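Structure record follows, encoded as structure tokens.
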Amino acid sequence: MPHDFSAERPYYTFDSYIKRAFGRKLYRLALSAGTTCPNRDGTAGAGGCIFCAGGAGAFAQSPQLPVAEQIERAKARVSAKLRRAADGPSYIAYFQSYTGTYAPLPRLRALFTEAVMHPDIAALSVATRPDCLDEQRVSLLESLSRIRPVWVELGLQSANDGTARLCNRAYPTELFTAAAARLRLRGLPVVAHVILGLPGETRADMLATVDYLNRLRVDGVKFHLLHVLRGAQLARMPYTALTMDEYIGHLIACLRRLSPRIVVHRITGDGPKSDLLAPLWSADKKRVLNAIHQRLRAEGAYQGMDYTPV
């Protein structure tokens, strides 16, 4: 558990966690299982969440390709980031698009097993929904974790059920609570996705979501800015996007409230620039990250400074 937060490292970064756990930097490879979503096909809902324009898979490889070929193409995509060849597997197989466990069990077993058995893969990360994690799927992920580390990303967005209904999330927060508990019993780390700036939410609502995650003792969190993307329902709704200053203020308040043991996998998000309608300032990700870190230093803020153990 990190306690040495400083101006240079004011929160428990994913890179820091990975280097402690694996002894080297790892790179995510965005892969696709070719799944859809129960909130799109009528099983749980229709139309998807109001902010979703493509299942978060804009950077994933084609699901028509075998997993091995997806991995090779994804490696080529991130090759410019590699500083040098690491000793041992250097990549995370990240099944990101749509709902990663929403497919027949035999297909999931074949896809995920091929990924974790690949010699360049050090870990498996699967993004999914809590209503797509029955005992069979959790058991599959648990069995895979005996081969390579596995963590599960769950789209919470907000712990406020009123906000969830407005966003057409199509499941109650209690289902997230139950899924996280089931995964924890199997030793599978849980990473929660949270969106700041959802319609109607105040900072108090955002902090309440952080408090919920603290009580749930999730292992990681991804903070996202709400983007308005072409093709999403949100693009046809009255909505005023956050300014960069507003977003940074909300984010820092959340980091201050967040338990210091929770790994911060992401502090902002980036959608495909070709589809981005608002806020346009978010397209310059480097500028946004620099502004966040400058504000953290200026305020002397760090993760957990306002956290009360629960």
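Each chain of the structure tokens is named A, B, ... in the order shown, its residues numbered from 1; ligands are numbered from 1 in display order.
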Quick one: residues within 10 Å of region 273-287 of chain A, only C-alpha atoms, excluding same-chain residues fewer than 6 positions away - as a PDB file with N, CA, C and O atoms, in the first residue's frame?
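Written output follows (part-v5.pdb):
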```
ATOM      1  N   ALA A  53     -21.308   5.679 -27.879  1.00  0.00           N
ATOM      2  CA  ALA A  53     -21.453   5.751 -29.332  1.00  0.00           C
ATOM      3  C   ALA A  53     -20.811   4.560 -30.028  1.00  0.00           C
ATOM      4  O   ALA A  53     -20.961   4.391 -31.230  1.00  0.00           O
ATOM      5  N   LEU A 225     -13.899  11.827 -18.060  1.00  0.00           N
ATOM      6  CA  LEU A 225     -14.682  13.019 -18.357  1.00  0.00           C
ATOM      7  C   LEU A 225     -15.841  12.609 -19.262  1.00  0.00           C
ATOM      8  O   LEU A 225     -15.652  11.774 -20.159  1.00  0.00           O
ATOM      9  N   LEU A 226     -17.008  13.171 -19.046  1.00  0.00           N
ATOM     10  CA  LEU A 226     -18.130  12.873 -19.932  1.00  0.00           C
ATOM     11  C   LEU A 226     -17.925  13.560 -21.279  1.00  0.00           C
ATOM     12  O   LEU A 226     -17.868  14.781 -21.359  1.00  0.00           O
ATOM     13  N   HIS A 227     -17.805  12.752 -22.316  1.00  0.00           N
ATOM     14  CA  HIS A 227     -17.677  13.260 -23.676  1.00  0.00           C
ATOM     15  C   HIS A 227     -19.029  13.209 -24.380  1.00  0.00           C
ATOM     16  O   HIS A 227     -19.821  12.298 -24.140  1.00  0.00           O
ATOM     17  N   VAL A 228     -19.251  14.154 -25.249  1.00  0.00           N
ATOM     18  CA  VAL A 228     -20.398  14.109 -26.149  1.00  0.00           C
ATOM     19  C   VAL A 228     -19.872  13.664 -27.503  1.00  0.00           C
ATOM     20  O   VAL A 228     -19.070  14.369 -28.127  1.00  0.00           O
ATOM     21  N   LEU A 229     -20.280  12.465 -27.923  1.00  0.00           N
ATOM     22  CA  LEU A 229     -19.769  11.881 -29.156  1.00  0.00           C
ATOM     23  C   LEU A 229     -20.856  11.807 -30.221  1.00  0.00           C
ATOM     24  O   LEU A 229     -22.034  11.566 -29.904  1.00  0.00           O
ATOM     25  N   ARG A 230     -20.452  12.009 -31.430  1.00  0.00           N
ATOM     26  CA  ARG A 230     -21.379  11.886 -32.557  1.00  0.00           C
ATOM     27  C   ARG A 230     -21.992  10.484 -32.558  1.00  0.00           C
ATOM     28  O   ARG A 230     -21.301   9.494 -32.432  1.00  0.00           O
ATOM     29  N   GLY A 231     -23.311  10.409 -32.660  1.00  0.00           N
ATOM     30  CA  GLY A 231     -23.997   9.121 -32.689  1.00  0.00           C
ATOM     31  C   GLY A 231     -24.536   8.683 -31.347  1.00  0.00           C
ATOM     32  O   GLY A 231     -25.370   7.768 -31.281  1.00  0.00           O
ATOM     33  N   ALA A 232     -24.090   9.323 -30.251  1.00  0.00           N
ATOM     34  CA  ALA A 232     -24.595   8.977 -28.919  1.00  0.00           C
ATOM     35  C   ALA A 232     -25.897   9.720 -28.650  1.00  0.00           C
ATOM     36  O   ALA A 232     -26.137  10.808 -29.179  1.00  0.00           O
ATOM     37  N   ALA A 235     -25.760  13.380 -27.601  1.00  0.00           N
ATOM     38  CA  ALA A 235     -25.579  14.426 -28.614  1.00  0.00           C
ATOM     39  C   ALA A 235     -26.909  15.053 -29.020  1.00  0.00           C
ATOM     40  O   ALA A 235     -26.925  16.146 -29.618  1.00  0.00           O
ATOM     41  N   TYR A 239     -27.371  19.490 -23.003  1.00  0.00           N
ATOM     42  CA  TYR A 239     -26.305  19.198 -22.042  1.00  0.00           C
ATOM     43  C   TYR A 239     -25.161  20.181 -22.258  1.00  0.00           C
ATOM     44  O   TYR A 239     -24.744  20.424 -23.396  1.00  0.00           O
ATOM     45  N   THR A 240     -24.666  20.745 -21.171  1.00  0.00           N
ATOM     46  CA  THR A 240     -23.520  21.650 -21.228  1.00  0.00           C
ATOM     47  C   THR A 240     -22.312  20.934 -20.642  1.00  0.00           C
ATOM     48  O   THR A 240     -22.329  20.547 -19.463  1.00  0.00           O
ATOM     49  N   ALA A 241     -21.299  20.733 -21.451  1.00  0.00           N
ATOM     50  CA  ALA A 241     -20.113  20.003 -21.010  1.00  0.00           C
ATOM     51  C   ALA A 241     -19.326  20.817 -19.984  1.00  0.00           C
ATOM     52  O   ALA A 241     -19.386  22.056 -19.959  1.00  0.00           O
ATOM     53  N   LEU A 242     -18.586  20.113 -19.138  1.00  0.00           N
ATOM     54  CA  LEU A 242     -17.733  20.769 -18.166  1.00  0.00           C
ATOM     55  C   LEU A 242     -16.619  21.545 -18.855  1.00  0.00           C
ATOM     56  O   LEU A 242     -16.108  21.139 -19.902  1.00  0.00           O
ATOM     57  N   THR A 243     -16.219  22.655 -18.242  1.00  0.00           N
ATOM     58  CA  THR A 243     -14.992  23.313 -18.662  1.00  0.00           C
ATOM     59  C   THR A 243     -13.812  22.521 -18.111  1.00  0.00           C
ATOM     60  O   THR A 243     -13.980  21.693 -17.199  1.00  0.00           O
ATOM     61  N   MET A 244     -12.620  22.762 -18.627  1.00  0.00           N
ATOM     62  CA  MET A 244     -11.462  22.047 -18.113  1.00  0.00           C
ATOM     63  C   MET A 244     -11.242  22.374 -16.640  1.00  0.00           C
ATOM     64  O   MET A 244     -10.913  21.492 -15.841  1.00  0.00           O
TER      65      MET A 244
END
```
Applying 10 Å and only C-alpha atoms, which residues near Gly34 (chain A) remain after dropping the ones on its own chain fewer than 2 positions away? List them as a CSV table (one decimal) with N, CA and C atoms, in the first residue's frame.
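After the write, around.csv holds the following:
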```
chain,number,residue,atom,x,y,z
A,31,LEU,N,-8.1,-5.2,-27.5
A,31,LEU,CA,-8.5,-6.3,-28.2
A,31,LEU,C,-10.1,-6.3,-28.2
A,32,SER,N,-10.7,-7.2,-29.1
A,32,SER,CA,-12.1,-7.3,-29.1
A,32,SER,C,-12.6,-8.7,-29.2
A,36,THR,N,-21.5,-7.7,-28.0
A,36,THR,CA,-22.4,-6.5,-28.0
A,36,THR,C,-22.7,-6.2,-26.6
A,61,GLN,N,-8.9,-3.7,-31.8
A,61,GLN,CA,-8.7,-4.4,-33.1
A,61,GLN,C,-10.0,-5.0,-33.6
A,62,SER,N,-10.0,-5.4,-34.8
A,62,SER,CA,-11.2,-6.0,-35.4
A,62,SER,C,-11.5,-7.4,-34.8
A,63,PRO,N,-12.7,-7.6,-34.3
A,63,PRO,CA,-13.1,-8.9,-33.7
A,63,PRO,C,-13.1,-10.0,-34.8
A,64,GLN,N,-13.0,-9.7,-36.0
A,64,GLN,CA,-13.0,-10.7,-37.1
A,64,GLN,C,-11.6,-11.4,-37.1
A,65,LEU,N,-10.6,-10.8,-36.5
A,65,LEU,CA,-9.3,-11.3,-36.5
A,65,LEU,C,-9.1,-12.3,-35.4
A,95,PHE,N,-9.6,-6.7,-23.2
A,95,PHE,CA,-10.8,-6.8,-24.0
A,95,PHE,C,-11.8,-5.7,-23.5
A,97,SER,N,-14.0,-3.4,-25.7
A,97,SER,CA,-15.1,-3.0,-26.4
A,97,SER,C,-16.4,-3.6,-25.9
A,98,TYR,N,-17.5,-2.8,-25.9
A,98,TYR,CA,-18.8,-3.3,-25.4
A,98,TYR,C,-18.7,-4.1,-24.1
A,99,THR,N,-19.4,-5.2,-24.0
A,99,THR,CA,-19.4,-6.0,-22.7
A,99,THR,C,-18.6,-7.2,-22.9
A,100,GLY,N,-17.5,-7.3,-22.3
A,100,GLY,CA,-16.5,-8.3,-22.6
A,100,GLY,C,-16.9,-9.7,-22.2
A,102,TYR,N,-20.2,-10.8,-22.5
A,102,TYR,CA,-21.5,-11.0,-23.0
A,102,TYR,C,-21.4,-11.8,-24.3
A,103,ALA,N,-21.1,-13.1,-24.2
A,103,ALA,CA,-21.0,-14.0,-25.3
A,103,ALA,C,-21.1,-15.4,-24.7
```
With DSSP run on the backbone, what are the alpha helix (DSSP H) residues within region 129-274 of chain A? I'd like them as a PyMOL selection string. chain A and resi 135-144+161-166+173-185+203-216+244-257
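With distances restricted to only C-alpha atoms, A:Leu26 is the closest residue to Val78 (chain A) from A:Leu26, A:Leu258, A:Ala33, A:Leu105.
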Nearest residue to His265 (chain A) out of A:Ala74, A:Leu207, A:Val190, A:Ala93, using only C-alpha atoms?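 Closest to His265 (chain A) of all the choices is A:Val190.
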Under the rule that only C-alpha atoms are counted, which of A:Ser158, A:Gln233, A:Thr163, A:Thr43 is the nearest residue to Phe176 (chain A)?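 For Phe176 (chain A), the nearest of the given residues is A:Ser158.
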